[in-house]
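Enquirer: I'd like to ask some things about the structure below.
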Amino acid sequence: MDSPVKDISAVASAATPEAAAGAVTGSAARGGGVARGAGVARGAGRLGPVALVVAGGLSVQFGSALAVLLMPRAGALGVVTLRLVLAAVVLLAVCRPRLRGYGRADWGTVLAFGAAMSGMNVLFYLAVDRIPLGAAVTLEVLGPLALSVFASRRLVNLLWAGLALGGVVLLSGGGFDRLDPAGAGFALAAGAMWATYIVFSARTGRRFPQADGLALAMAFGAVLSLPFGILEAGDRLLVPSTIGLGLGVALMSSVLPYTLELLALRRLPAPTFAILMSLEPAIAATAGFLVLHQALGPADALAIALVIAASMGAVRTQMSRSR
């Protein structure tokens, strides 16, 4: 039986589940002896994985912007269904996970992972249907931030939590009615599901080889979302142009970034990866501005900067504790 406290501590230094999995890969890679003279080359080589992480972040957030454009055709729940179903088809075809040899606890973990994935996506897309993309991602990232603060249990993390809270208050203008209370609530709930997703992703990564667990969880999440998508969009999900756009969302928001992050994490320490992922709200705000013409005021930009700073500070605190 996995310990929740152990799970939280293991992934608190990483903003996403891919970072938690990558930490193991990175440790194994660094276990073999490395010549001293390779230090400079390794430092220069990090420009490659950093670029991969940034490219993955751009792909995710511009994919989310594309999803917003698709919502008038299929609705928020329809877009979720298209994203998860098409991403599951691609991942299952590529990974071809085996189904035998796993126990009840293994399947329970992967099903919980899939349920968290489905819930996170549903809540996030319901949020971006009501509030700007940058604001939604800023509120959502509070989930992993809270997970990191809770796991660290250091007094300095109260500073980061307060900084993030200040950013949220500033973003809401003193009241979430400026943002749309339902949209803000969905984004915060998506953040809670993201934290759950991180914990169960770490457990899944320990129980299933390579990306098999991710593919199986994605398939289960797709099955869970399917009735809601059909109920909202019906046969509009079968329109070829809608399927084409949905495939674009699935590739940009799931398949491509997961692949880029997996490649990056072979050479990039998980805490560094987590810090880079803290830039997601800024990338989302940029995507919202360029694709959706969602302009940000000075107060909104400052609020996003405060949440980014809090995320980076919390990750650095976790890094210093683990040394």
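By order of appearance in the structure tokens: chains A, B, ..., then residues from 1 within every chain, and ligands from 1 in the order shown.
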Using only C-alpha atoms, tabulate the residues of range 122-216 of chain A lying at most 10 Å from any atom of range 304-314 of chain A, each with its closest atom pair and that distance in Å to one decimal, by chain and increasing residue number, as a tab-separated table.
Expert:
residue	atom	partner	partner_atom	distance
A:Gly134	CA	A:Ile304	CA	7.9
A:Ala135	CA	A:Ile304	CA	7.7
A:Val137	CA	A:Ile304	CA	9.3
A:Thr138	CA	A:Ile304	CA	6.2
A:Leu139	CA	A:Val307	CA	8.7
A:Val141	CA	A:Val307	CA	8.3
A:Leu142	CA	A:Val307	CA	7.9
A:Pro144	CA	A:Ser311	CA	8.6
A:Leu145	CA	A:Ser311	CA	5.9
A:Ala146	CA	A:Ala314	CA	9.3
A:Leu147	CA	A:Ala314	CA	10.0
A:Ser148	CA	A:Ala314	CA	6.7
A:Val149	CA	A:Ala314	CA	6.5
A:Ser152	CA	A:Ala314	CA	8.5
A:Arg154	CA	A:Ala314	CA	9.8
A:Val156	CA	A:Ala314	CA	8.5
A:Asn157	CA	A:Ala314	CA	6.2
A:Leu158	CA	A:Ala314	CA	9.4
A:Leu159	CA	A:Ala310	CA	8.1
A:Trp160	CA	A:Ala310	CA	4.6
A:Ala161	CA	A:Ala310	CA	6.8
A:Gly162	CA	A:Ala310	CA	8.3
A:Leu163	CA	A:Ala310	CA	5.8
A:Ala164	CA	A:Val307	CA	4.6
A:Leu165	CA	A:Val307	CA	7.9
A:Gly166	CA	A:Leu306	CA	7.4
A:Gly167	CA	A:Leu306	CA	5.2
A:Val168	CA	A:Val307	CA	7.6
A:Leu170	CA	A:Ile304	CA	9.0
A:Leu171	CA	A:Ile304	CA	7.5
Enquirer: Considering only C-alpha atoms, return as a ChimeraX atom specification whatever protein or nucleic-acid residues lie within 10 Å of range 235-252 of chain A, sequence-local ones (same chain, fewer than 4 positions apart) excluded.
Expert: /A:56-71,73-75,78-90,229-231,256-258
Enquirer: Can you pull out every residue from range 170-255 of chain A that DSSP, working from the backbone, puts in alpha helix (DSSP H), and format the result as a VMD selection string?
Expert: chain A and resid 170 to 172 181 to 207 212 to 233 240 to 250
Enquirer: Expressed in Å to a single decimal, how great is the separation between CA of Gly185 in chain A and CA of Asn121 in chain A?
Expert: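 About the pair CA of Gly185 in chain A and CA of Asn121 in chain A: they are 14.0 Å apart.
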Enquirer: Which residue, A:Gly48, A:Gly119, A:Gly143, A:Gly234, has the smallest gap to Gly221 in chain A when you use only C-alpha atoms?
Expert: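 Looking at the shortest contact to Gly221 in chain A, the residue is A:Gly119.
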Enquirer: In Å, rounded to a single decimal, give me how far CA of Val50 in chain A is from CA of Arg267 in chain A.
Expert: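 Distance reported for this atom pair: 9.5 Å.
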Enquirer: Mind checking which residues fall within 12 Å of Gly108 in chain A, counting only C-alpha atoms, ignoring those fewer than 5 positions away in the same chain, and posting them as number ranges by chain?
Expert: A: 1-2, 102-103, 113-115, 200, 203-204, 207, 213, 216-217, 220
Enquirer: Quick one: distance from CA of Ala219 in chain A to CA of Pro269 in chain A in Å, one decimal?
Expert: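 If I compute the distance from CA of Ala219 in chain A to CA of Pro269 in chain A, I get 29.1 Å.
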Enquirer: Which residue, A:Ala282, A:Ala184, A:Leu290, A:Ala211, has the smallest gap to Pro97 in chain A when you use only C-alpha atoms?
Expert: A:Ala211
